[in-house]
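Structure data follow from protein_24.txt (compact mmCIF, N, CA and C atoms):
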```txt
# COMPACT_ATOMS: atom_id res chain seq x y z
N MET A 18 -71.44 -21.53 6.32
CA MET A 18 -70.77 -20.42 5.70
C MET A 18 -71.17 -19.15 6.43
N ARG A 19 -70.18 -18.27 6.60
CA ARG A 19 -70.44 -16.97 7.21
C ARG A 19 -70.06 -15.89 6.21
N ILE A 20 -70.98 -14.95 6.00
CA ILE A 20 -70.71 -13.83 5.11
C ILE A 20 -70.77 -12.56 5.93
N TYR A 21 -69.69 -11.82 5.83
CA TYR A 21 -69.51 -10.58 6.58
C TYR A 21 -69.62 -9.41 5.62
N LEU A 22 -70.60 -8.56 5.81
CA LEU A 22 -70.75 -7.37 4.99
C LEU A 22 -70.15 -6.17 5.72
N ILE A 23 -69.21 -5.52 5.07
CA ILE A 23 -68.68 -4.27 5.61
C ILE A 23 -69.37 -3.17 4.81
N GLY A 24 -70.27 -2.50 5.47
CA GLY A 24 -71.10 -1.49 4.82
C GLY A 24 -72.52 -1.98 4.76
N ALA A 25 -73.41 -1.31 5.46
CA ALA A 25 -74.82 -1.73 5.54
C ALA A 25 -75.74 -0.80 4.76
N GLY A 26 -75.18 -0.05 3.83
CA GLY A 26 -75.99 0.85 3.03
C GLY A 26 -76.61 0.14 1.83
N VAL A 27 -76.83 0.88 0.78
CA VAL A 27 -77.49 0.35 -0.42
C VAL A 27 -76.75 -0.86 -0.97
N ILE A 28 -75.44 -0.76 -1.11
CA ILE A 28 -74.65 -1.86 -1.68
C ILE A 28 -74.76 -3.09 -0.79
N GLY A 29 -74.63 -2.91 0.52
CA GLY A 29 -74.76 -4.03 1.44
C GLY A 29 -76.12 -4.70 1.34
N ARG A 30 -77.16 -3.91 1.17
CA ARG A 30 -78.51 -4.48 1.04
C ARG A 30 -78.65 -5.27 -0.27
N TYR A 31 -78.04 -4.79 -1.35
CA TYR A 31 -78.05 -5.56 -2.61
C TYR A 31 -77.41 -6.93 -2.41
N HIS A 32 -76.28 -6.94 -1.73
CA HIS A 32 -75.60 -8.22 -1.49
C HIS A 32 -76.42 -9.12 -0.57
N ALA A 33 -77.02 -8.55 0.45
CA ALA A 33 -77.83 -9.35 1.38
C ALA A 33 -79.02 -9.97 0.65
N GLU A 34 -79.63 -9.22 -0.26
CA GLU A 34 -80.75 -9.78 -1.05
C GLU A 34 -80.25 -10.94 -1.91
N ALA A 35 -79.09 -10.79 -2.52
CA ALA A 35 -78.53 -11.87 -3.33
C ALA A 35 -78.22 -13.10 -2.47
N ILE A 36 -77.73 -12.87 -1.27
CA ILE A 36 -77.43 -13.97 -0.35
C ILE A 36 -78.70 -14.74 0.00
N ARG A 37 -79.80 -14.01 0.17
CA ARG A 37 -81.08 -14.67 0.45
C ARG A 37 -81.51 -15.60 -0.69
N LYS A 38 -81.05 -15.35 -1.89
CA LYS A 38 -81.42 -16.15 -3.06
C LYS A 38 -80.51 -17.36 -3.27
N LEU A 39 -79.51 -17.54 -2.42
CA LEU A 39 -78.66 -18.72 -2.56
C LEU A 39 -79.50 -19.98 -2.38
N PRO A 40 -79.15 -21.04 -3.09
CA PRO A 40 -79.93 -22.28 -2.97
C PRO A 40 -79.95 -22.80 -1.53
N ALA A 41 -81.04 -23.42 -1.18
CA ALA A 41 -81.15 -24.02 0.15
C ALA A 41 -80.06 -25.08 0.31
N GLY A 42 -79.64 -25.25 1.47
CA GLY A 42 -78.57 -26.21 1.75
C GLY A 42 -77.88 -25.79 3.01
N GLU A 43 -76.58 -25.58 2.90
CA GLU A 43 -75.82 -25.14 4.06
C GLU A 43 -76.31 -23.76 4.51
N PRO A 44 -76.60 -23.60 5.77
CA PRO A 44 -77.07 -22.30 6.24
C PRO A 44 -75.99 -21.23 6.13
N VAL A 45 -76.41 -20.00 5.91
CA VAL A 45 -75.50 -18.86 5.81
C VAL A 45 -75.73 -17.96 7.01
N GLU A 46 -74.66 -17.69 7.74
CA GLU A 46 -74.72 -16.71 8.82
C GLU A 46 -74.37 -15.37 8.21
N LEU A 47 -75.24 -14.38 8.36
CA LEU A 47 -75.01 -13.07 7.81
C LEU A 47 -74.64 -12.11 8.93
N LYS A 48 -73.57 -11.36 8.71
CA LYS A 48 -73.10 -10.38 9.68
C LYS A 48 -72.85 -9.08 8.93
N ALA A 49 -73.12 -7.96 9.57
CA ALA A 49 -72.94 -6.66 8.91
C ALA A 49 -72.35 -5.66 9.89
N ALA A 50 -71.43 -4.86 9.37
CA ALA A 50 -70.81 -3.81 10.18
C ALA A 50 -70.92 -2.48 9.46
N ASP A 51 -71.26 -1.45 10.23
CA ASP A 51 -71.31 -0.10 9.68
C ASP A 51 -71.28 0.87 10.86
N PRO A 52 -70.42 1.88 10.82
CA PRO A 52 -70.41 2.86 11.92
C PRO A 52 -71.60 3.82 11.88
N ASN A 53 -72.32 3.84 10.76
CA ASN A 53 -73.49 4.69 10.64
C ASN A 53 -74.68 4.00 11.31
N VAL A 54 -75.08 4.52 12.45
CA VAL A 54 -76.12 3.90 13.27
C VAL A 54 -77.44 3.77 12.49
N GLN A 55 -77.79 4.79 11.74
CA GLN A 55 -79.05 4.76 10.98
C GLN A 55 -79.00 3.71 9.87
N ALA A 56 -77.89 3.65 9.15
CA ALA A 56 -77.76 2.66 8.08
C ALA A 56 -77.83 1.24 8.64
N LEU A 57 -77.16 1.02 9.77
CA LEU A 57 -77.15 -0.31 10.37
C LEU A 57 -78.54 -0.68 10.89
N ALA A 58 -79.25 0.26 11.47
CA ALA A 58 -80.61 0.00 11.97
C ALA A 58 -81.55 -0.34 10.81
N ALA A 59 -81.46 0.41 9.72
CA ALA A 59 -82.31 0.14 8.56
C ALA A 59 -81.97 -1.23 7.96
N PHE A 60 -80.69 -1.57 7.94
CA PHE A 60 -80.28 -2.87 7.42
C PHE A 60 -80.86 -4.01 8.26
N THR A 61 -80.70 -3.92 9.57
CA THR A 61 -81.16 -5.01 10.44
C THR A 61 -82.69 -5.08 10.51
N GLU A 62 -83.35 -3.99 10.20
CA GLU A 62 -84.81 -4.04 10.11
C GLU A 62 -85.24 -4.89 8.91
N THR A 63 -84.53 -4.74 7.81
CA THR A 63 -84.82 -5.52 6.60
C THR A 63 -84.26 -6.93 6.69
N PHE A 64 -83.14 -7.08 7.37
CA PHE A 64 -82.46 -8.38 7.48
C PHE A 64 -82.26 -8.72 8.97
N PRO A 65 -83.35 -9.05 9.66
CA PRO A 65 -83.25 -9.29 11.11
C PRO A 65 -82.39 -10.51 11.45
N GLU A 66 -82.15 -11.37 10.48
CA GLU A 66 -81.30 -12.54 10.73
C GLU A 66 -79.83 -12.17 10.85
N ALA A 67 -79.46 -10.96 10.43
CA ALA A 67 -78.06 -10.54 10.45
C ALA A 67 -77.65 -10.08 11.85
N LYS A 68 -76.47 -10.47 12.23
CA LYS A 68 -75.88 -9.96 13.46
C LYS A 68 -75.16 -8.67 13.09
N SER A 69 -75.37 -7.61 13.87
CA SER A 69 -74.82 -6.32 13.50
C SER A 69 -73.68 -5.89 14.43
N TYR A 70 -72.79 -5.09 13.84
CA TYR A 70 -71.62 -4.58 14.55
C TYR A 70 -71.43 -3.12 14.17
N SER A 71 -70.91 -2.34 15.09
CA SER A 71 -70.69 -0.92 14.81
C SER A 71 -69.38 -0.67 14.07
N ASP A 72 -68.52 -1.68 14.00
CA ASP A 72 -67.28 -1.52 13.24
C ASP A 72 -66.79 -2.86 12.72
N ALA A 73 -66.05 -2.81 11.62
CA ALA A 73 -65.57 -4.02 10.95
C ALA A 73 -64.55 -4.77 11.79
N ARG A 74 -63.70 -4.06 12.48
CA ARG A 74 -62.64 -4.72 13.26
C ARG A 74 -63.24 -5.65 14.32
N SER A 75 -64.25 -5.18 15.03
CA SER A 75 -64.86 -6.05 16.05
C SER A 75 -65.61 -7.21 15.40
N MET A 76 -66.22 -6.98 14.24
CA MET A 76 -66.92 -8.06 13.53
C MET A 76 -65.94 -9.15 13.11
N LEU A 77 -64.75 -8.76 12.67
CA LEU A 77 -63.78 -9.74 12.18
C LEU A 77 -62.87 -10.29 13.28
N ALA A 78 -63.13 -9.94 14.53
CA ALA A 78 -62.28 -10.38 15.63
C ALA A 78 -62.44 -11.86 15.95
N GLU A 79 -63.59 -12.45 15.61
CA GLU A 79 -63.77 -13.87 15.92
C GLU A 79 -62.86 -14.71 15.01
N PRO A 80 -62.48 -15.91 15.47
CA PRO A 80 -61.61 -16.75 14.65
C PRO A 80 -62.24 -17.04 13.28
N ALA A 81 -61.41 -17.00 12.25
CA ALA A 81 -61.88 -17.25 10.88
C ALA A 81 -62.08 -18.74 10.64
N ARG A 82 -63.02 -19.02 9.73
CA ARG A 82 -63.22 -20.38 9.24
C ARG A 82 -62.86 -20.39 7.76
N GLU A 83 -62.59 -21.56 7.23
CA GLU A 83 -62.15 -21.71 5.85
C GLU A 83 -63.12 -21.11 4.84
N ASP A 84 -64.41 -21.17 5.11
CA ASP A 84 -65.40 -20.71 4.13
C ASP A 84 -65.95 -19.30 4.41
N ASP A 85 -65.32 -18.55 5.29
CA ASP A 85 -65.75 -17.19 5.57
C ASP A 85 -65.49 -16.28 4.37
N ILE A 86 -66.44 -15.40 4.09
CA ILE A 86 -66.31 -14.43 3.00
C ILE A 86 -66.66 -13.05 3.52
N VAL A 87 -65.82 -12.08 3.20
CA VAL A 87 -66.09 -10.69 3.53
C VAL A 87 -66.42 -9.95 2.24
N ILE A 88 -67.50 -9.19 2.26
CA ILE A 88 -67.87 -8.35 1.13
C ILE A 88 -67.71 -6.90 1.57
N VAL A 89 -66.86 -6.17 0.85
CA VAL A 89 -66.61 -4.77 1.16
C VAL A 89 -67.46 -3.90 0.24
N GLY A 90 -68.40 -3.19 0.82
CA GLY A 90 -69.31 -2.34 0.07
C GLY A 90 -69.37 -0.94 0.67
N THR A 91 -68.22 -0.34 0.76
CA THR A 91 -68.07 0.98 1.37
C THR A 91 -67.54 1.96 0.32
N PRO A 92 -67.37 3.23 0.65
CA PRO A 92 -66.82 4.16 -0.33
C PRO A 92 -65.43 3.71 -0.81
N PRO A 93 -65.12 3.95 -2.08
CA PRO A 93 -63.89 3.45 -2.68
C PRO A 93 -62.60 3.77 -1.93
N PHE A 94 -62.49 4.93 -1.33
CA PHE A 94 -61.24 5.27 -0.65
C PHE A 94 -60.99 4.38 0.58
N THR A 95 -61.98 3.63 1.04
CA THR A 95 -61.83 2.72 2.18
C THR A 95 -61.53 1.28 1.77
N HIS A 96 -61.65 0.96 0.50
CA HIS A 96 -61.55 -0.42 0.04
C HIS A 96 -60.22 -1.08 0.38
N PHE A 97 -59.12 -0.37 0.19
CA PHE A 97 -57.81 -0.96 0.43
C PHE A 97 -57.65 -1.41 1.87
N GLU A 98 -57.83 -0.50 2.81
CA GLU A 98 -57.62 -0.84 4.22
C GLU A 98 -58.59 -1.92 4.70
N LEU A 99 -59.84 -1.83 4.33
CA LEU A 99 -60.82 -2.82 4.79
C LEU A 99 -60.57 -4.18 4.16
N SER A 100 -60.24 -4.21 2.89
CA SER A 100 -59.95 -5.49 2.23
C SER A 100 -58.70 -6.13 2.82
N ARG A 101 -57.68 -5.31 3.05
CA ARG A 101 -56.44 -5.85 3.64
C ARG A 101 -56.72 -6.40 5.04
N MET A 102 -57.49 -5.67 5.84
CA MET A 102 -57.83 -6.13 7.18
C MET A 102 -58.58 -7.47 7.11
N ALA A 103 -59.52 -7.57 6.18
CA ALA A 103 -60.30 -8.81 6.05
C ALA A 103 -59.42 -9.98 5.61
N LEU A 104 -58.53 -9.74 4.66
CA LEU A 104 -57.61 -10.80 4.22
C LEU A 104 -56.70 -11.23 5.36
N GLU A 105 -56.18 -10.27 6.09
CA GLU A 105 -55.30 -10.58 7.21
C GLU A 105 -56.03 -11.30 8.34
N SER A 106 -57.35 -11.17 8.39
CA SER A 106 -58.13 -11.89 9.40
C SER A 106 -58.33 -13.36 9.01
N GLY A 107 -57.89 -13.72 7.78
CA GLY A 107 -58.00 -15.10 7.34
C GLY A 107 -59.24 -15.41 6.53
N ARG A 108 -59.85 -14.38 5.95
CA ARG A 108 -61.10 -14.56 5.21
C ARG A 108 -60.92 -14.20 3.73
N HIS A 109 -61.74 -14.82 2.89
CA HIS A 109 -61.79 -14.47 1.47
C HIS A 109 -62.47 -13.12 1.36
N VAL A 110 -62.15 -12.36 0.30
CA VAL A 110 -62.69 -11.01 0.15
C VAL A 110 -63.25 -10.80 -1.25
N LEU A 111 -64.46 -10.24 -1.28
CA LEU A 111 -65.08 -9.74 -2.50
C LEU A 111 -65.31 -8.26 -2.26
N CYS A 112 -64.68 -7.43 -3.07
CA CYS A 112 -64.76 -5.98 -2.88
C CYS A 112 -65.47 -5.35 -4.06
N GLU A 113 -66.32 -4.39 -3.76
CA GLU A 113 -66.98 -3.62 -4.80
C GLU A 113 -65.94 -2.84 -5.60
N LYS A 114 -66.33 -2.41 -6.77
CA LYS A 114 -65.44 -1.63 -7.62
C LYS A 114 -65.36 -0.20 -7.13
N PRO A 115 -64.29 0.49 -7.35
CA PRO A 115 -63.01 -0.04 -7.77
C PRO A 115 -62.36 -0.79 -6.62
N LEU A 116 -61.58 -1.78 -6.94
CA LEU A 116 -60.93 -2.56 -5.89
C LEU A 116 -60.08 -1.65 -5.00
N VAL A 117 -59.29 -0.82 -5.60
CA VAL A 117 -58.40 0.09 -4.88
C VAL A 117 -58.24 1.37 -5.68
N MET A 118 -57.46 2.28 -5.15
CA MET A 118 -57.30 3.58 -5.79
C MET A 118 -56.06 3.67 -6.69
N ASN A 119 -55.15 2.69 -6.60
CA ASN A 119 -53.95 2.73 -7.44
C ASN A 119 -53.31 1.35 -7.54
N GLY A 120 -52.35 1.24 -8.43
CA GLY A 120 -51.69 -0.04 -8.68
C GLY A 120 -50.92 -0.59 -7.49
N GLN A 121 -50.29 0.28 -6.72
CA GLN A 121 -49.53 -0.18 -5.56
C GLN A 121 -50.45 -0.84 -4.54
N GLU A 122 -51.62 -0.26 -4.30
CA GLU A 122 -52.57 -0.86 -3.37
C GLU A 122 -53.05 -2.22 -3.89
N ALA A 123 -53.27 -2.32 -5.19
CA ALA A 123 -53.68 -3.60 -5.78
C ALA A 123 -52.60 -4.66 -5.56
N LYS A 124 -51.36 -4.28 -5.77
CA LYS A 124 -50.24 -5.21 -5.58
C LYS A 124 -50.17 -5.70 -4.13
N VAL A 125 -50.33 -4.79 -3.19
CA VAL A 125 -50.28 -5.16 -1.77
C VAL A 125 -51.43 -6.12 -1.43
N LEU A 126 -52.64 -5.84 -1.93
CA LEU A 126 -53.77 -6.73 -1.65
C LEU A 126 -53.53 -8.12 -2.25
N LEU A 127 -53.05 -8.16 -3.47
CA LEU A 127 -52.78 -9.45 -4.10
C LEU A 127 -51.74 -10.23 -3.32
N GLU A 128 -50.68 -9.58 -2.90
CA GLU A 128 -49.64 -10.24 -2.09
C GLU A 128 -50.22 -10.71 -0.76
N THR A 129 -51.07 -9.92 -0.15
CA THR A 129 -51.70 -10.30 1.13
C THR A 129 -52.59 -11.52 0.94
N ALA A 130 -53.37 -11.53 -0.13
CA ALA A 130 -54.24 -12.68 -0.41
C ALA A 130 -53.41 -13.94 -0.62
N LYS A 131 -52.33 -13.83 -1.38
CA LYS A 131 -51.47 -14.99 -1.62
C LYS A 131 -50.82 -15.48 -0.32
N ARG A 132 -50.33 -14.55 0.47
CA ARG A 132 -49.66 -14.91 1.73
C ARG A 132 -50.60 -15.65 2.68
N HIS A 133 -51.87 -15.29 2.67
CA HIS A 133 -52.85 -15.91 3.57
C HIS A 133 -53.65 -17.01 2.88
N ASN A 134 -53.31 -17.30 1.62
CA ASN A 134 -53.99 -18.33 0.84
C ASN A 134 -55.51 -18.09 0.80
N ARG A 135 -55.87 -16.84 0.50
CA ARG A 135 -57.26 -16.43 0.42
C ARG A 135 -57.56 -15.93 -1.00
N MET A 136 -58.83 -16.00 -1.37
CA MET A 136 -59.25 -15.47 -2.66
C MET A 136 -59.61 -13.99 -2.51
N LEU A 137 -59.32 -13.23 -3.56
CA LEU A 137 -59.63 -11.81 -3.61
C LEU A 137 -60.34 -11.55 -4.93
N GLY A 138 -61.50 -10.92 -4.85
CA GLY A 138 -62.25 -10.61 -6.07
C GLY A 138 -62.81 -9.21 -6.01
N CYS A 139 -63.18 -8.70 -7.18
CA CYS A 139 -63.77 -7.38 -7.30
C CYS A 139 -65.04 -7.52 -8.12
N CYS A 140 -66.07 -6.78 -7.75
CA CYS A 140 -67.34 -6.90 -8.46
C CYS A 140 -68.06 -5.57 -8.54
N SER A 141 -69.14 -5.58 -9.27
CA SER A 141 -70.05 -4.45 -9.32
C SER A 141 -71.43 -5.00 -9.00
N ASP A 142 -72.12 -4.40 -8.04
CA ASP A 142 -73.41 -4.94 -7.60
C ASP A 142 -74.54 -4.71 -8.57
N ARG A 143 -74.36 -3.89 -9.57
CA ARG A 143 -75.51 -3.47 -10.36
C ARG A 143 -76.21 -4.60 -11.10
N PHE A 144 -75.61 -5.78 -11.20
CA PHE A 144 -76.24 -6.89 -11.89
C PHE A 144 -76.72 -7.98 -10.92
N LEU A 145 -76.50 -7.82 -9.64
CA LEU A 145 -76.94 -8.81 -8.67
C LEU A 145 -78.45 -8.98 -8.71
N GLY A 146 -78.90 -10.19 -8.72
CA GLY A 146 -80.32 -10.47 -8.64
C GLY A 146 -81.07 -10.36 -9.95
N LEU A 147 -80.40 -10.00 -11.03
CA LEU A 147 -81.09 -9.87 -12.31
C LEU A 147 -81.27 -11.21 -13.02
N CYS A 148 -80.41 -12.15 -12.70
CA CYS A 148 -80.51 -13.46 -13.35
C CYS A 148 -81.43 -14.36 -12.54
N LYS A 149 -82.25 -15.11 -13.22
CA LYS A 149 -83.13 -16.07 -12.54
C LYS A 149 -82.39 -17.39 -12.44
N THR A 150 -82.46 -17.98 -11.26
CA THR A 150 -81.81 -19.29 -11.08
C THR A 150 -82.83 -20.35 -10.76
```
Could you write out this file's structure as structure tokens?
Amino acid sequence: MRIYLIGAGVIGRYHAEAIRKLPAGEPVELKAADPNVQALAAFTETFPEAKSYSDARSMLAEPAREDDIVIVGTPPFTHFELSRMALESGRHVLCEKPLVMNGQEAKVLLETAKRHNRMLGCCSDRFLGLCKT
């Protein structure tokens, strides 16, 4: 499984910590993209196993696999374009809240997910890691 984080700031680190807690088994390749050089450097210092990219487009350029997941953890006004790009790349998408800024954007994302036979979800990171497994 490959998990692609778009956004290496606080939200991205929350998700990366949760990914580390996944049960042992199939290995997870972690990848992170962020144009903020400092945020990306701090992320890779904490998560040296992650492959880093300066932008999401180059990170998603490699051919998609069936179990690829993209997590969008960037400012809300970027969610629509980044989620659509990830879906169009052939990957499942989990986007932080709010999913989009209006109903039309939500409709377009849902149609894009259906057209590419991908799952689309929305979440809030504030509860990640609180449950013991």
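The space between atom CA of A:Ile88 and atom CA of A:Met102 spans 11.9 Å.
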Which parts of stretch 30-145 of chain A does DSSP call strand (DSSP E or B) when run on the backbone here, written out as a ChimeraX atom specification? /A:46-50,68-70,86-89,109-113,137-140
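Here atom C of A:Gln121 is placed at a distance of 28.6 Å from atom N of A:Arg19.
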Residues near A:Ile23, anyone? I mean within 7 Å using all atoms listed in the file, not counting same-chain ones fewer than 5 positions away, as an mmCIF file with N, CA and C atoms, in the frame of the given file.
```
data_model
loop_
_atom_site.group_PDB
_atom_site.id
_atom_site.type_symbol
_atom_site.label_atom_id
_atom_site.label_comp_id
_atom_site.auth_asym_id
_atom_site.auth_seq_id
_atom_site.Cartn_x
_atom_site.Cartn_y
_atom_site.Cartn_z
ATOM 1 N N GLY A 29 -74.630 -2.910 0.520
ATOM 2 C CA GLY A 29 -74.760 -4.030 1.440
ATOM 3 C C GLY A 29 -76.120 -4.700 1.340
ATOM 4 N N LYS A 48 -73.570 -11.360 8.710
ATOM 5 C CA LYS A 48 -73.100 -10.380 9.680
ATOM 6 C C LYS A 48 -72.850 -9.080 8.930
ATOM 7 N N ALA A 49 -73.120 -7.960 9.570
ATOM 8 C CA ALA A 49 -72.940 -6.660 8.910
ATOM 9 C C ALA A 49 -72.350 -5.660 9.890
ATOM 10 N N ALA A 50 -71.430 -4.860 9.370
ATOM 11 C CA ALA A 50 -70.810 -3.810 10.180
ATOM 12 C C ALA A 50 -70.920 -2.480 9.460
ATOM 13 N N ASP A 51 -71.260 -1.450 10.230
ATOM 14 C CA ASP A 51 -71.310 -0.100 9.680
ATOM 15 C C ASP A 51 -71.280 0.870 10.860
ATOM 16 N N ALA A 73 -66.050 -2.810 11.620
ATOM 17 C CA ALA A 73 -65.570 -4.020 10.950
ATOM 18 C C ALA A 73 -64.550 -4.770 11.790
ATOM 19 N N VAL A 87 -65.820 -12.080 3.200
ATOM 20 C CA VAL A 87 -66.090 -10.690 3.530
ATOM 21 C C VAL A 87 -66.420 -9.950 2.240
ATOM 22 N N ILE A 88 -67.500 -9.190 2.260
ATOM 23 C CA ILE A 88 -67.870 -8.350 1.130
ATOM 24 C C ILE A 88 -67.710 -6.900 1.570
ATOM 25 N N VAL A 89 -66.860 -6.170 0.850
ATOM 26 C CA VAL A 89 -66.610 -4.770 1.160
ATOM 27 C C VAL A 89 -67.460 -3.900 0.240
ATOM 28 N N GLY A 90 -68.400 -3.190 0.820
ATOM 29 C CA GLY A 90 -69.310 -2.340 0.070
ATOM 30 C C GLY A 90 -69.370 -0.940 0.670
ATOM 31 N N THR A 91 -68.220 -0.340 0.760
ATOM 32 C CA THR A 91 -68.070 0.980 1.370
ATOM 33 C C THR A 91 -67.540 1.960 0.320
#
```
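Distances from A:Val54, A:Leu126, A:Ala81, A:Ala67 to A:His96 were compared using only C-alpha atoms, and the smallest one belongs to A:Leu126.
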Using only C-alpha atoms, pick whichever of A:Glu98, A:Glu122, A:Glu105, A:Asp85 has the shortest atom-to-atom distance to A:Leu22. A:Asp85
From the list A:Leu99, A:Ile86, A:Met76, A:Pro40, which residue is nearest A:Tyr21 when using only N, CA and C atoms?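 Answer, going by the shortest atom-to-atom distance: A:Ile86.
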Under the rule that only N, CA and C atoms are counted, which of A:Phe94, A:Gly26, A:Ile36, A:Leu127 is the nearest residue to A:Ala56?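 Checking each of A:Phe94, A:Gly26, A:Ile36, A:Leu127 against A:Ala56, counting only N, CA and C atoms, the winner is A:Gly26.
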With N, CA, C and O atoms as the target, complete stretch 89-105 of chain A and hand it back as an mmCIF file, in the frame of the given file.
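Written file, out_23.cif:
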```
data_model
loop_
_atom_site.group_PDB
_atom_site.id
_atom_site.type_symbol
_atom_site.label_atom_id
_atom_site.label_comp_id
_atom_site.auth_asym_id
_atom_site.auth_seq_id
_atom_site.Cartn_x
_atom_site.Cartn_y
_atom_site.Cartn_z
ATOM 1 N N VAL A 89 -66.860 -6.170 0.850
ATOM 2 C CA VAL A 89 -66.610 -4.770 1.160
ATOM 3 C C VAL A 89 -67.460 -3.900 0.240
ATOM 4 O O VAL A 89 -67.268 -3.916 -0.974
ATOM 5 N N GLY A 90 -68.400 -3.190 0.820
ATOM 6 C CA GLY A 90 -69.310 -2.340 0.070
ATOM 7 C C GLY A 90 -69.370 -0.940 0.670
ATOM 8 O O GLY A 90 -70.425 -0.464 1.047
ATOM 9 N N THR A 91 -68.220 -0.340 0.760
ATOM 10 C CA THR A 91 -68.070 0.980 1.370
ATOM 11 C C THR A 91 -67.540 1.960 0.320
ATOM 12 O O THR A 91 -67.248 1.547 -0.805
ATOM 13 N N PRO A 92 -67.370 3.230 0.650
ATOM 14 C CA PRO A 92 -66.820 4.160 -0.330
ATOM 15 C C PRO A 92 -65.430 3.710 -0.810
ATOM 16 O O PRO A 92 -64.650 3.125 -0.041
ATOM 17 N N PRO A 93 -65.120 3.950 -2.080
ATOM 18 C CA PRO A 93 -63.890 3.450 -2.680
ATOM 19 C C PRO A 93 -62.600 3.770 -1.930
ATOM 20 O O PRO A 93 -61.704 2.916 -1.870
ATOM 21 N N PHE A 94 -62.490 4.930 -1.330
ATOM 22 C CA PHE A 94 -61.240 5.270 -0.650
ATOM 23 C C PHE A 94 -60.990 4.380 0.580
ATOM 24 O O PHE A 94 -59.877 4.362 1.114
ATOM 25 N N THR A 95 -61.980 3.630 1.040
ATOM 26 C CA THR A 95 -61.830 2.720 2.180
ATOM 27 C C THR A 95 -61.530 1.280 1.770
ATOM 28 O O THR A 95 -61.209 0.452 2.622
ATOM 29 N N HIS A 96 -61.650 0.960 0.500
ATOM 30 C CA HIS A 96 -61.550 -0.420 0.040
ATOM 31 C C HIS A 96 -60.220 -1.080 0.380
ATOM 32 O O HIS A 96 -60.189 -2.245 0.797
ATOM 33 N N PHE A 97 -59.120 -0.370 0.190
ATOM 34 C CA PHE A 97 -57.810 -0.960 0.430
ATOM 35 C C PHE A 97 -57.650 -1.410 1.870
ATOM 36 O O PHE A 97 -57.356 -2.578 2.141
ATOM 37 N N GLU A 98 -57.830 -0.500 2.810
ATOM 38 C CA GLU A 98 -57.620 -0.840 4.220
ATOM 39 C C GLU A 98 -58.590 -1.920 4.700
ATOM 40 O O GLU A 98 -58.179 -2.854 5.404
ATOM 41 N N LEU A 99 -59.840 -1.830 4.330
ATOM 42 C CA LEU A 99 -60.820 -2.820 4.790
ATOM 43 C C LEU A 99 -60.570 -4.180 4.160
ATOM 44 O O LEU A 99 -60.678 -5.210 4.833
ATOM 45 N N SER A 100 -60.240 -4.210 2.890
ATOM 46 C CA SER A 100 -59.950 -5.490 2.230
ATOM 47 C C SER A 100 -58.700 -6.130 2.820
ATOM 48 O O SER A 100 -58.662 -7.333 3.057
ATOM 49 N N ARG A 101 -57.680 -5.310 3.050
ATOM 50 C CA ARG A 101 -56.440 -5.850 3.640
ATOM 51 C C ARG A 101 -56.720 -6.400 5.040
ATOM 52 O O ARG A 101 -56.279 -7.494 5.388
ATOM 53 N N MET A 102 -57.490 -5.670 5.840
ATOM 54 C CA MET A 102 -57.830 -6.130 7.180
ATOM 55 C C MET A 102 -58.580 -7.470 7.110
ATOM 56 O O MET A 102 -58.305 -8.387 7.882
ATOM 57 N N ALA A 103 -59.520 -7.570 6.180
ATOM 58 C CA ALA A 103 -60.300 -8.810 6.050
ATOM 59 C C ALA A 103 -59.420 -9.980 5.610
ATOM 60 O O ALA A 103 -59.536 -11.084 6.140
ATOM 61 N N LEU A 104 -58.530 -9.740 4.660
ATOM 62 C CA LEU A 104 -57.610 -10.800 4.220
ATOM 63 C C LEU A 104 -56.700 -11.230 5.360
ATOM 64 O O LEU A 104 -56.473 -12.432 5.577
ATOM 65 N N GLU A 105 -56.180 -10.270 6.090
ATOM 66 C CA GLU A 105 -55.300 -10.580 7.210
ATOM 67 C C GLU A 105 -56.030 -11.300 8.340
ATOM 68 O O GLU A 105 -55.398 -11.979 9.149
#
```
